[in-house]
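Trainee: This is structure-v8.txt, which holds compact mmCIF, C-alpha atoms:
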# COMPACT_ATOMS: atom_id res chain seq x y z
CA MET A 1 96.83 64.71 121.52
CA ALA A 2 95.03 62.51 118.97
CA THR A 3 92.93 59.43 119.69
CA VAL A 4 92.41 56.65 117.14
CA TYR A 5 89.26 54.53 117.64
CA GLN A 6 86.29 52.89 115.96
CA ARG A 7 82.88 54.40 116.59
CA CYS A 8 81.21 51.07 116.18
CA LYS A 9 82.95 49.84 119.36
CA ASN A 10 83.04 53.03 121.46
CA ASP A 11 80.15 55.32 120.49
CA LYS A 12 76.74 54.17 121.68
CA ARG A 13 75.13 56.55 119.20
CA ASN A 14 76.68 54.71 116.26
CA VAL A 15 74.28 52.50 114.31
CA ASN A 16 76.79 49.61 114.42
CA TYR A 17 77.34 49.74 118.22
CA PRO A 18 78.22 47.37 119.79
CA CYS A 19 80.34 45.67 117.16
CA GLU A 20 82.12 42.59 118.50
CA LYS A 21 84.06 41.59 115.40
CA SER A 22 87.84 42.16 115.65
CA ARG A 23 88.10 42.95 111.94
CA CYS A 24 84.71 44.36 111.21
CA GLY A 25 85.68 46.65 108.30
CA HIS A 26 84.00 49.69 109.84
CA PRO A 27 85.77 53.09 109.57
CA TRP A 28 88.48 54.30 111.96
CA THR A 29 88.24 57.79 113.47
CA VAL A 30 90.95 60.22 114.66
CA ARG A 31 89.76 62.65 117.33
CA TYR A 32 91.79 65.82 117.95
CA ARG A 33 91.42 69.57 118.53
CA GLU A 34 92.42 72.37 116.18
CA PRO A 35 94.16 75.56 117.39
CA GLY A 36 90.82 77.36 117.50
CA GLY A 37 89.57 74.79 120.02
CA ALA A 38 87.18 73.04 117.63
CA GLU A 39 87.16 69.26 117.85
CA ARG A 40 87.71 67.34 114.62
CA GLN A 41 86.99 63.66 113.97
CA PRO A 42 87.99 62.65 110.43
CA SER A 43 87.30 59.04 109.47
CA PHE A 44 89.49 56.64 107.48
CA GLU A 45 88.76 53.37 105.78
CA LYS A 46 91.76 51.57 107.30
CA LYS A 47 93.43 51.71 110.70
CA SER A 48 96.82 52.22 109.02
CA GLN A 49 95.52 55.40 107.43
CA ALA A 50 94.16 56.71 110.74
CA ASP A 51 97.44 55.89 112.53
CA ALA A 52 99.45 57.68 109.84
CA PHE A 53 97.29 60.80 110.21
CA ALA A 54 97.65 60.74 114.02
CA ASP A 55 101.42 60.24 113.69
CA ARG A 56 101.62 63.27 111.44
CA LEU A 57 99.83 65.37 114.06
CA HIS A 58 102.32 64.21 116.71
CA ARG A 59 105.26 64.86 114.40
CA ASN A 60 104.07 68.37 113.61
CA LYS A 61 103.88 69.06 117.32
CA TYR A 62 107.42 67.78 117.84
CA GLU A 63 108.77 69.87 114.94
CA GLY A 64 107.00 73.01 116.12
CA LEU A 65 104.47 72.96 113.28
CA TYR A 66 101.58 72.06 115.52
CA LEU A 67 99.74 74.90 117.22
CA ASP A 68 98.76 74.39 120.82
CA PRO A 69 95.01 75.07 120.99
CA LYS A 70 95.43 76.83 124.33
CA ARG A 71 97.59 79.54 122.72
CA GLY A 72 94.74 80.44 120.41
CA GLU A 73 92.09 80.59 123.13
CA ILE A 74 92.87 84.22 124.05
CA THR A 75 90.08 86.54 122.93
CA LEU A 76 90.69 88.98 120.11
CA ARG A 77 89.80 91.81 122.52
CA THR A 78 92.56 90.85 124.94
CA TYR A 79 95.11 90.00 122.27
CA ALA A 80 94.51 93.21 120.28
CA GLY A 81 95.08 95.32 123.40
CA GLU A 82 98.36 93.55 124.14
CA TRP A 83 99.40 93.74 120.47
CA LEU A 84 98.77 97.47 120.24
CA GLU A 85 100.89 98.22 123.31
CA ARG A 86 103.85 96.43 121.66
CA GLN A 87 103.77 98.45 118.44
CA VAL A 88 106.46 101.08 117.83
CA ILE A 89 104.32 103.80 116.26
CA SER A 90 103.74 107.53 116.56
CA ASP A 91 101.22 109.03 118.98
CA SER A 92 98.80 109.92 116.20
CA THR A 93 98.99 106.43 114.67
CA TYR A 94 98.43 104.89 118.11
CA ARG A 95 95.31 107.00 118.59
CA ASN A 96 94.00 106.03 115.14
CA TYR A 97 94.59 102.32 115.81
CA GLU A 98 93.12 102.45 119.31
CA SER A 99 89.95 104.24 118.20
CA PHE A 100 89.47 101.84 115.27
CA LEU A 101 89.82 98.83 117.55
CA ARG A 102 87.52 100.29 120.21
CA ILE A 103 84.81 101.61 117.89
CA HIS A 104 84.80 99.10 115.04
CA LEU A 105 86.79 95.85 115.28
CA LEU A 106 86.30 94.78 118.90
CA PRO A 107 82.53 95.37 119.14
CA CYS A 108 82.17 93.14 116.09
CA LEU A 109 84.80 90.41 116.62
CA GLY A 110 86.28 91.05 120.06
CA GLY A 111 84.43 88.18 121.73
CA LYS A 112 85.92 85.55 119.42
CA THR A 113 89.20 83.82 120.18
CA ILE A 114 92.20 84.89 118.13
CA ALA A 115 92.27 81.41 116.56
CA GLY A 116 88.52 81.28 116.10
CA VAL A 117 88.18 84.25 113.73
CA GLU A 118 87.38 82.92 110.27
CA ARG A 119 87.51 84.43 106.82
CA LYS A 120 83.72 84.73 106.70
CA ASP A 121 83.85 86.81 109.90
CA VAL A 122 86.33 89.22 108.31
CA GLU A 123 84.29 89.45 105.11
CA ALA A 124 81.16 90.34 107.09
CA PHE A 125 83.16 92.90 109.11
CA VAL A 126 84.55 94.58 105.97
CA ALA A 127 81.09 94.71 104.39
CA ALA A 128 79.65 96.41 107.48
CA LEU A 129 82.63 98.74 107.73
CA GLY A 130 82.18 99.88 104.14
CA LYS A 131 78.79 101.31 105.06
CA LYS A 132 80.31 103.53 107.77
CA LEU A 133 83.74 104.60 106.53
CA ALA A 134 85.28 105.80 103.28
CA ALA A 135 86.80 103.10 101.08
CA SER A 136 90.30 104.52 101.49
CA THR A 137 89.93 104.44 105.28
CA VAL A 138 88.72 100.84 105.22
CA CYS A 139 91.70 99.78 103.09
CA ASP A 140 94.13 101.61 105.35
CA ARG A 141 92.73 100.22 108.62
CA MET A 142 92.57 96.67 107.28
CA LYS A 143 96.35 96.83 106.87
CA MET A 144 96.49 97.10 110.65
CA VAL A 145 94.11 94.16 111.09
CA THR A 146 96.24 92.05 108.75
CA SER A 147 99.37 92.98 110.70
CA LEU A 148 97.64 91.89 113.91
CA PHE A 149 96.80 88.45 112.53
CA GLN A 150 100.23 88.06 110.94
CA THR A 151 101.75 88.61 114.37
CA ALA A 152 99.40 85.99 115.82
CA ILE A 153 100.62 83.52 113.19
CA LYS A 154 104.26 84.19 114.05
CA GLU A 155 103.45 83.64 117.71
CA LYS A 156 101.80 80.32 116.80
CA ARG A 157 98.39 81.38 118.03
CA ARG A 158 96.70 80.52 114.74
CA ALA A 159 97.62 78.74 111.51
CA ASN A 160 96.49 81.17 108.82
CA ASP A 161 95.55 84.76 108.07
CA PRO A 162 91.75 85.22 107.85
CA THR A 163 92.21 88.57 106.09
CA GLN A 164 94.14 87.06 103.17
CA ASP A 165 92.46 87.70 99.81
CA VAL A 166 89.41 89.29 101.45
CA LYS A 167 88.00 91.73 98.91
CA LEU A 168 88.20 95.34 100.05
CA PRO A 169 86.18 98.28 98.68
CA ARG A 170 87.83 100.06 95.80
CA SER A 171 89.27 103.33 97.01
CA ALA A 172 89.42 106.48 94.96
CA THR A 173 92.62 107.52 93.26
CA HIS A 174 95.23 109.29 95.39
CA ALA A 175 95.82 111.86 92.63
CA VAL A 176 95.29 115.37 93.88
CA ASP A 177 92.33 117.19 92.37
CA GLU A 178 93.51 120.41 90.73
CA ASP A 179 90.58 122.15 92.43
CA GLU A 180 92.36 121.46 95.74
CA ILE A 181 95.36 123.59 94.71
CA PRO A 182 95.13 127.32 95.43
CA THR A 183 96.31 129.91 92.92
CA LEU A 184 99.18 132.31 93.63
CA TYR A 185 96.64 135.09 94.12
CA GLU A 186 94.80 133.00 96.72
CA VAL A 187 98.05 132.09 98.51
CA ASP A 188 98.96 135.77 98.88
CA LEU A 189 95.42 136.56 100.00
CA MET A 190 95.61 133.88 102.70
CA ALA A 191 98.89 135.31 103.96
CA LYS A 192 97.32 138.77 104.09
CA GLN A 193 94.18 137.71 105.97
CA ILE A 194 95.60 135.21 108.48
CA SER A 195 96.61 136.37 111.96
CA PRO A 196 99.83 138.37 111.46
CA GLN A 197 101.99 136.04 113.58
CA TYR A 198 101.04 133.19 111.21
CA ARG A 199 101.76 134.97 107.90
CA LEU A 200 105.09 133.13 107.57
CA SER A 201 103.37 129.77 108.05
CA VAL A 202 101.53 130.22 104.76
CA TYR A 203 104.75 130.80 102.83
CA LEU A 204 106.70 128.01 104.55
CA GLN A 205 104.08 125.59 103.25
CA ALA A 206 103.61 127.13 99.80
CA GLY A 207 107.27 128.03 99.24
CA ALA A 208 109.02 125.04 100.83
CA GLY A 209 106.38 122.30 100.89
CA LEU A 210 106.41 121.86 104.67
CA ARG A 211 103.61 120.00 106.38
CA ILE A 212 101.68 122.16 108.86
CA SER A 213 103.07 120.10 111.78
CA GLU A 214 106.60 120.80 110.46
CA THR A 215 105.82 124.46 109.95
CA LEU A 216 104.65 124.95 113.53
CA ALA A 217 107.83 123.22 114.78
CA PHE A 218 110.03 125.61 112.77
CA THR A 219 113.04 126.83 114.78
CA THR A 220 115.94 129.18 114.12
CA ASP A 221 118.36 126.28 113.54
CA CYS A 222 116.30 125.22 110.50
CA VAL A 223 117.56 128.21 108.50
CA ARG A 224 120.77 127.78 106.50
CA ALA A 225 122.45 129.94 103.84
CA ASP A 226 120.36 128.83 100.87
CA PHE A 227 118.26 125.95 102.17
CA LEU A 228 116.06 124.90 105.08
CA ARG A 229 116.93 121.90 107.21
CA VAL A 230 113.63 120.41 108.38
CA ARG A 231 114.28 118.46 111.54
CA ARG A 232 111.06 117.89 113.48
CA GLN A 233 107.30 118.21 113.68
CA VAL A 234 105.14 119.43 116.52
CA SER A 235 103.32 116.93 118.74
CA SER A 236 99.53 116.89 118.59
CA LYS A 237 99.58 117.49 122.36
CA ALA A 238 102.10 120.33 122.29
CA HIS A 239 99.47 122.93 123.29
CA ARG A 240 98.92 121.21 126.64
CA ASP A 241 100.84 122.15 129.77
CA ASP A 242 101.35 118.49 130.66
CA CYS A 243 102.90 117.57 127.31
CA LYS A 244 106.30 115.99 127.93
CA THR A 245 107.50 115.80 124.31
CA ARG A 246 106.50 118.86 122.31
CA PHE A 247 108.47 117.84 119.21
CA LYS A 248 108.59 114.51 117.38
CA PRO A 249 110.72 113.06 114.56
CA LEU A 250 109.62 113.81 111.02
CA LYS A 251 106.95 111.62 109.48
CA HIS A 252 108.43 108.32 108.20
CA ARG A 253 111.78 109.27 109.80
CA ALA A 254 113.71 108.26 112.92
CA GLU A 255 114.92 110.58 115.64
CA GLY A 256 117.70 112.84 114.33
CA GLU A 257 116.89 112.39 110.64
CA TYR A 258 116.17 115.49 108.57
CA ARG A 259 115.61 116.67 105.02
CA ASP A 260 116.90 119.75 103.21
CA VAL A 261 114.69 121.97 101.06
CA PRO A 262 115.83 124.81 98.76
CA LEU A 263 115.28 128.27 100.26
CA PRO A 264 114.03 130.85 97.71
CA ALA A 265 115.05 134.46 98.34
CA PHE A 266 111.49 135.69 98.98
CA LEU A 267 111.06 133.09 101.74
CA ALA A 268 114.35 134.07 103.37
CA GLU A 269 113.05 137.64 103.44
CA GLU A 270 109.76 136.52 104.98
CA ILE A 271 111.65 134.67 107.71
CA ASP A 272 113.81 137.73 108.47
CA MET A 273 110.71 139.93 108.58
CA HIS A 274 108.97 137.53 110.96
CA LEU A 275 111.98 137.43 113.29
CA ARG A 276 112.22 141.22 113.38
CA GLU A 277 108.56 141.66 114.18
CA TRP A 278 107.78 138.68 116.37
CA GLY A 279 111.13 137.33 117.56
CA THR A 280 111.25 133.83 119.02
CA ALA A 281 110.19 132.01 122.15
CA THR A 282 111.91 129.14 123.93
CA ALA A 283 110.18 125.75 123.95
CA ALA A 284 111.85 122.46 124.80
CA GLY A 285 115.19 124.26 124.75
CA MET A 286 114.78 125.56 121.20
CA GLU A 287 114.01 128.97 119.72
CA VAL A 288 110.67 128.51 118.00
CA LEU A 289 109.03 131.01 115.65
CA PHE A 290 105.40 130.14 116.29
CA THR A 291 104.06 130.30 119.84
CA PRO A 292 100.89 131.91 121.19
CA ARG A 293 101.67 135.43 122.42
CA ASP A 294 98.30 136.12 124.01
CA ARG A 295 97.78 135.72 127.73
CA GLY A 296 96.00 132.52 128.67
CA LYS A 297 97.14 130.62 125.58
CA ARG A 298 98.92 127.33 125.94
CA THR A 299 102.55 126.53 125.20
CA MET A 300 102.60 125.59 121.49
CA PRO A 301 100.18 125.67 118.56
CA THR A 302 99.26 122.36 116.89
CA ALA A 303 97.69 121.48 113.56
CA THR A 304 94.31 121.44 115.30
CA THR A 305 94.61 124.82 117.01
CA TYR A 306 96.15 126.36 113.86
CA ALA A 307 93.19 125.16 111.77
CA TYR A 308 90.97 127.74 113.48
CA HIS A 309 93.17 130.62 112.27
CA PHE A 310 93.42 129.13 108.77
CA ARG A 311 89.66 128.70 108.35
CA LYS A 312 89.07 132.18 109.70
CA ALA A 313 91.54 133.63 107.17
CA LEU A 314 89.90 131.87 104.21
CA LYS A 315 86.46 133.08 105.20
CA ALA A 316 87.76 136.63 105.64
CA ALA A 317 89.37 136.44 102.19
CA GLY A 318 86.22 135.03 100.58
CA ILE A 319 88.04 131.85 99.56
CA VAL A 320 85.06 129.60 100.23
CA LYS A 321 82.90 126.98 98.58
CA PRO A 322 79.30 127.69 97.54
CA ASP A 323 78.11 126.49 100.96
CA GLY A 324 80.38 129.00 102.71
CA SER A 325 82.92 126.51 104.03
CA PRO A 326 86.67 127.11 103.48
CA LYS A 327 87.79 126.11 99.99
CA TYR A 328 91.16 124.68 101.06
CA THR A 329 92.95 123.04 103.97
CA PRO A 330 96.53 123.89 105.00
CA HIS A 331 97.64 120.86 102.98
CA GLY A 332 96.54 122.68 99.83
CA LEU A 333 99.56 124.97 100.24
CA ARG A 334 101.81 121.90 100.08
CA HIS A 335 100.01 120.92 96.89
CA PHE A 336 100.80 124.40 95.57
CA PHE A 337 104.52 123.88 96.20
CA ALA A 338 104.62 120.46 94.51
CA SER A 339 102.49 121.40 91.50
CA THR A 340 104.43 124.63 90.89
CA ALA A 341 107.77 122.84 91.01
CA LEU A 342 106.64 120.06 88.67
CA ALA A 343 104.99 122.47 86.23
CA HIS A 344 108.34 124.23 85.79
CA GLY A 345 110.32 121.09 85.00
CA ILE A 346 111.75 120.11 88.40
CA PRO A 347 112.32 116.29 88.34
CA ILE A 348 109.67 114.47 90.32
CA HIS A 349 112.26 112.53 92.37
CA GLU A 350 113.67 115.83 93.62
CA VAL A 351 110.21 117.09 94.55
CA SER A 352 109.54 113.79 96.32
CA ARG A 353 112.65 114.17 98.47
CA TRP A 354 111.83 117.78 99.35
CA LEU A 355 108.28 116.83 100.32
CA GLY A 356 109.59 114.07 102.58
CA HIS A 357 107.47 111.33 101.04
CA LYS A 358 108.15 107.77 102.14
CA SER A 359 108.69 106.71 98.54
CA ILE A 360 108.61 108.31 95.10
CA LYS A 361 105.56 106.16 94.32
CA THR A 362 103.54 108.34 96.68
CA THR A 363 104.63 111.46 94.81
CA VAL A 364 103.86 109.92 91.42
CA ASP A 365 100.43 108.72 92.58
CA VAL A 366 99.51 112.14 93.96
CA TYR A 367 101.18 114.53 91.50
CA GLY A 368 102.23 112.51 88.45
CA HIS A 369 99.37 113.86 86.33
CA LEU A 370 100.56 117.43 86.93
CA VAL A 371 103.71 117.11 84.79
CA PRO A 372 102.58 118.77 81.53
CA ALA A 373 105.96 118.52 79.80
CA SER A 374 105.74 114.71 79.79
CA TRP A 375 102.59 114.86 77.65
CA ASP A 376 104.29 117.09 75.09
CA ARG A 377 107.41 114.90 75.03
CA CYS A 378 105.30 111.79 74.56
CA ARG A 379 103.42 113.29 71.63
CA THR A 380 106.67 114.40 69.97
CA VAL A 381 108.47 111.08 70.49
CA LEU A 382 105.62 108.94 69.16
CA GLN A 383 104.99 111.24 66.19
CA THR A 384 108.68 111.04 65.23
CA ALA A 385 108.82 107.27 65.74
CA LEU A 386 105.63 106.38 63.86
CA ARG A 387 105.60 109.15 61.24
CA PRO A 388 109.24 110.13 60.68
CA GLY A 389 109.61 113.20 58.51
CA SER A 390 106.12 114.48 59.29
CA PRO A 391 105.58 117.70 61.24
CA THR A 392 105.52 117.17 65.01
CA THR A 393 103.02 119.94 65.67
Translate this structure into structure tokens?

Mentor:
Amino acid sequence: MATVYQRCKNDKRNVNYPCEKSRCGHPWTVRYREPGGAERQPSFEKKSQADAFADRLHRNKYEGLYLDPKRGEITLRTYAGEWLERQVISDSTYRNYESFLRIHLLPCLGGKTIAGVERKDVEAFVAALGKKLAASTVCDRMKMVTSLFQTAIKEKRRANDPTQDVKLPRSATHAVDEDEIPTLYEVDLMAKQISPQYRLSVYLQAGAGLRISETLAFTTDCVRADFLRVRRQVSSKAHRDDCKTRFKPLKHRAEGEYRDVPLPAFLAEEIDMHLREWGTATAAGMEVLFTPRDRGKRTMPTATTYAYHFRKALKAAGIVKPDGSPKYTPHGLRHFFASTALAHGIPIHEVSRWLGHKSIKTTVDVYGHLVPASWDRCRTVLQTALRPGSPTT
């Protein structure tokens, strides 16, 4: 594994070769290979020092601390493909990871060995990536790259993480822009202009905070006496005849998990009206409320196919930007639900649970600035504390 020798006696290129003295005082060299395959030859003043270093290399190998260079010789292209297939992730996340690897990471670093990727390589990759993608996207995708290298470390294919402490572009705040939140008038106008069979979809998002994928997966068993039990979301491939799994677990949730959301009376009436007029259709053994009724349409609508109807409704209603493009996305209706609840004093942890966020931090980051009562309370508390007896207004 490691060879201890003197260059002066073994290397013809050495200026002291051939040295015939037994104790010549020339340096001792330890030759070995690192996990990345690179050969190293550190020199030591004394043979005892060189022997101690070689012994430590052997000991690390015996204790499992040494990394076999052959394990790190697999290319990043091959390893990344194998790594991705082992990840337990949703279909949409898989597609995002696969496209990022194929389009960005592998063309840049795929030819290197997994152990041969260095920090400078990652820094150059991030710098190039920042010129093509938004800062928030770069930060998000680099989490995947870090996870890949962390797995390689655990599998003893490399010794360290080349992504550690690499500076990433500063992403914009996650806080929702108030211009992205429709008014009540606009919400009602959207519901009026959208294709009649999708009217209820507008109010399920604005009145219950459902994601569009959850809305399109809405079934009769979601409706309870005074709340909605959100159980599933529609697959991105649900519109295809060959789709095997039309419904998936909720985002950030396992199969069978659900969340309950309060059901306002107006929304219960909208659901009843939809059922009377449109009824239900059977898909995957469940009675769904949203399915294409026109001949030639596929089995289930998805967020992508629904987007056409939503954009068309906004343009028909005149809810557009100066350039004529739709002013909002379906997610804006979810923003309407959250901002309306918070503006009327609903605790943010309750809103977070109803939205189905992974953590309350997400809710605070996105909507925390929309809690007006907290500003008033803060002003009153500090005025009373610092100027007791003075008017608070």

Trainee: Determine, counting only C-alpha atoms, which protein, DNA and RNA residues have an atom within 8 Å of an atom of Ser43 (chain A); residues of the same chain fewer than 3 positions away are not included. Present the result as number ranges by chain.

Mentor: A: 27-30, 50

Trainee: Give me, as JSON lines, each residue of region 163-198 of chain A that comes within 12 Å of region 136-142 of chain A, together with its shortest interatomic pair and the distance in Å at one decimal, counting all atoms listed in the file, with rows ordered by chain and rising residue number.

Mentor:
{"residue": "A:Thr163", "atom": "CA", "partner": "A:Met142", "partner_atom": "CA", "distance": 8.2}
{"residue": "A:Gln164", "atom": "CA", "partner": "A:Met142", "partner_atom": "CA", "distance": 10.6}
{"residue": "A:Asp165", "atom": "CA", "partner": "A:Met142", "partner_atom": "CA", "distance": 11.7}
{"residue": "A:Val166", "atom": "CA", "partner": "A:Met142", "partner_atom": "CA", "distance": 9.9}
{"residue": "A:Lys167", "atom": "CA", "partner": "A:Cys139", "partner_atom": "CA", "distance": 9.8}
{"residue": "A:Leu168", "atom": "CA", "partner": "A:Cys139", "partner_atom": "CA", "distance": 6.4}
{"residue": "A:Pro169", "atom": "CA", "partner": "A:Cys139", "partner_atom": "CA", "distance": 7.2}
{"residue": "A:Arg170", "atom": "CA", "partner": "A:Ser136", "partner_atom": "CA", "distance": 7.6}
{"residue": "A:Ser171", "atom": "CA", "partner": "A:Ser136", "partner_atom": "CA", "distance": 4.7}
{"residue": "A:Ala172", "atom": "CA", "partner": "A:Ser136", "partner_atom": "CA", "distance": 6.9}
{"residue": "A:Thr173", "atom": "CA", "partner": "A:Ser136", "partner_atom": "CA", "distance": 9.1}
{"residue": "A:His174", "atom": "CA", "partner": "A:Ser136", "partner_atom": "CA", "distance": 9.2}

Trainee: Record the distance separating CA of Tyr198 (chain A) and CA of Thr362 (chain A), expressed in Å with one decimal.

Mentor: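 These two atoms are separated by 28.9 Å.
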
Trainee: Leaving out region 335-346 of chain A and any residue of its chain fewer than 4 positions from it, which residues lie within 8 Å of it when counting only C-alpha atoms, given as a PyMOL selection string?

Mentor: chain A and resi 176+180-183+205-209+331+350-351+355+367+370-373

Trainee: Residues of the last selection are to be written out with C-alpha atoms, as a PDB file, in the coordinates of the input.

Mentor:
ATOM      1  CA  VAL A 176      95.290 115.370  93.880  1.00  0.00           C
ATOM      2  CA  GLU A 180      92.360 121.460  95.740  1.00  0.00           C
ATOM      3  CA  ILE A 181      95.360 123.590  94.710  1.00  0.00           C
ATOM      4  CA  PRO A 182      95.130 127.320  95.430  1.00  0.00           C
ATOM      5  CA  THR A 183      96.310 129.910  92.920  1.00  0.00           C
ATOM      6  CA  GLN A 205     104.080 125.590 103.250  1.00  0.00           C
ATOM      7  CA  ALA A 206     103.610 127.130  99.800  1.00  0.00           C
ATOM      8  CA  GLY A 207     107.270 128.030  99.240  1.00  0.00           C
ATOM      9  CA  ALA A 208     109.020 125.040 100.830  1.00  0.00           C
ATOM     10  CA  GLY A 209     106.380 122.300 100.890  1.00  0.00           C
ATOM     11  CA  HIS A 331      97.640 120.860 102.980  1.00  0.00           C
ATOM     12  CA  GLU A 350     113.670 115.830  93.620  1.00  0.00           C
ATOM     13  CA  VAL A 351     110.210 117.090  94.550  1.00  0.00           C
ATOM     14  CA  LEU A 355     108.280 116.830 100.320  1.00  0.00           C
ATOM     15  CA  TYR A 367     101.180 114.530  91.500  1.00  0.00           C
ATOM     16  CA  LEU A 370     100.560 117.430  86.930  1.00  0.00           C
ATOM     17  CA  VAL A 371     103.710 117.110  84.790  1.00  0.00           C
ATOM     18  CA  PRO A 372     102.580 118.770  81.530  1.00  0.00           C
ATOM     19  CA  ALA A 373     105.960 118.520  79.800  1.00  0.00           C
TER      20      ALA A 373
END

Trainee: Tell me which protein, DNA and RNA residues are within 12 Å of Ile89 (chain A), counting all atoms listed in the file, leaving out same-chain ones fewer than 6 positions away, and put them as a count of residues only.

Mentor: 12

Trainee: Within 12 Å of Leu84 (chain A), counting all atoms listed in the file, which residues qualify if same-chain residues fewer than 5 places away don't, as an MDAnalysis selection string?

Mentor: chainID A and resid 76:79 89:91 93:102 144:145 147:148 151

Trainee: So how far away is CA of Val364 (chain A) from CA of Ala385 (chain A), in Å?

Mentor: 26.3 Å

Trainee: One number please: CA of Lys327 (chain A) to CA of Ala307 (chain A), in Å, one decimal.

Mentor: 13.0 Å

Trainee: Can you spit out region 231-237 of chain A with all heavy atoms, as a short mmCIF file (atom, residue, chain, number, x, y, z; two decimals), in the first residue's frame, from the structure just given?

Mentor:
data_model
loop_
_atom_site.label_atom_id
_atom_site.label_comp_id
_atom_site.auth_asym_id
_atom_site.auth_seq_id
_atom_site.Cartn_x
_atom_site.Cartn_y
_atom_site.Cartn_z
N ARG A 231 -56.57 14.21 1.07
CA ARG A 231 -55.90 12.92 1.17
C ARG A 231 -54.81 12.70 0.12
O ARG A 231 -53.89 11.92 0.34
CB ARG A 231 -56.91 11.78 1.04
CG ARG A 231 -57.87 11.64 2.21
CD ARG A 231 -58.76 10.44 2.00
NE ARG A 231 -59.59 10.16 3.17
CZ ARG A 231 -59.20 9.48 4.23
NH1 ARG A 231 -57.97 9.00 4.27
NH2 ARG A 231 -60.00 9.28 5.25
N ARG A 232 -54.93 13.31 -1.06
CA ARG A 232 -54.06 12.93 -2.16
C ARG A 232 -53.89 14.08 -3.15
O ARG A 232 -54.59 15.08 -3.08
CB ARG A 232 -54.65 11.71 -2.88
CG ARG A 232 -56.05 11.96 -3.42
CD ARG A 232 -56.75 10.70 -3.87
NE ARG A 232 -57.14 9.86 -2.75
CZ ARG A 232 -58.30 10.01 -2.09
NH1 ARG A 232 -59.14 10.97 -2.42
NH2 ARG A 232 -58.60 9.22 -1.10
N GLN A 233 -52.96 13.90 -4.05
CA GLN A 233 -52.78 14.85 -5.15
C GLN A 233 -52.70 14.06 -6.45
O GLN A 233 -52.37 12.88 -6.45
CB GLN A 233 -51.54 15.71 -4.96
CG GLN A 233 -50.23 14.94 -4.91
CD GLN A 233 -49.04 15.85 -4.71
OE1 GLN A 233 -49.11 17.06 -4.90
NE2 GLN A 233 -47.89 15.27 -4.33
N VAL A 234 -53.00 14.73 -7.53
CA VAL A 234 -53.04 14.03 -8.82
C VAL A 234 -51.62 13.90 -9.37
O VAL A 234 -50.76 14.76 -9.17
CB VAL A 234 -53.93 14.80 -9.81
CG1 VAL A 234 -53.26 16.08 -10.29
CG2 VAL A 234 -54.30 13.92 -10.99
N SER A 235 -51.35 12.79 -10.04
CA SER A 235 -50.05 12.56 -10.66
C SER A 235 -49.89 13.47 -11.87
O SER A 235 -50.87 13.81 -12.55
CB SER A 235 -49.92 11.10 -11.09
OG SER A 235 -48.81 10.92 -11.95
N SER A 236 -48.67 13.85 -12.17
CA SER A 236 -48.42 14.69 -13.34
C SER A 236 -48.68 13.93 -14.64
O SER A 236 -48.77 14.54 -15.71
CB SER A 236 -46.98 15.20 -13.32
OG SER A 236 -46.06 14.11 -13.34
N LYS A 237 -48.80 12.61 -14.56
CA LYS A 237 -49.06 11.79 -15.74
C LYS A 237 -50.49 11.28 -15.79
O LYS A 237 -50.83 10.43 -16.61
CB LYS A 237 -48.09 10.60 -15.78
CG LYS A 237 -46.62 10.98 -15.81
CD LYS A 237 -45.74 9.74 -15.79
CE LYS A 237 -44.27 10.10 -15.78
NZ LYS A 237 -43.40 8.89 -15.73
#
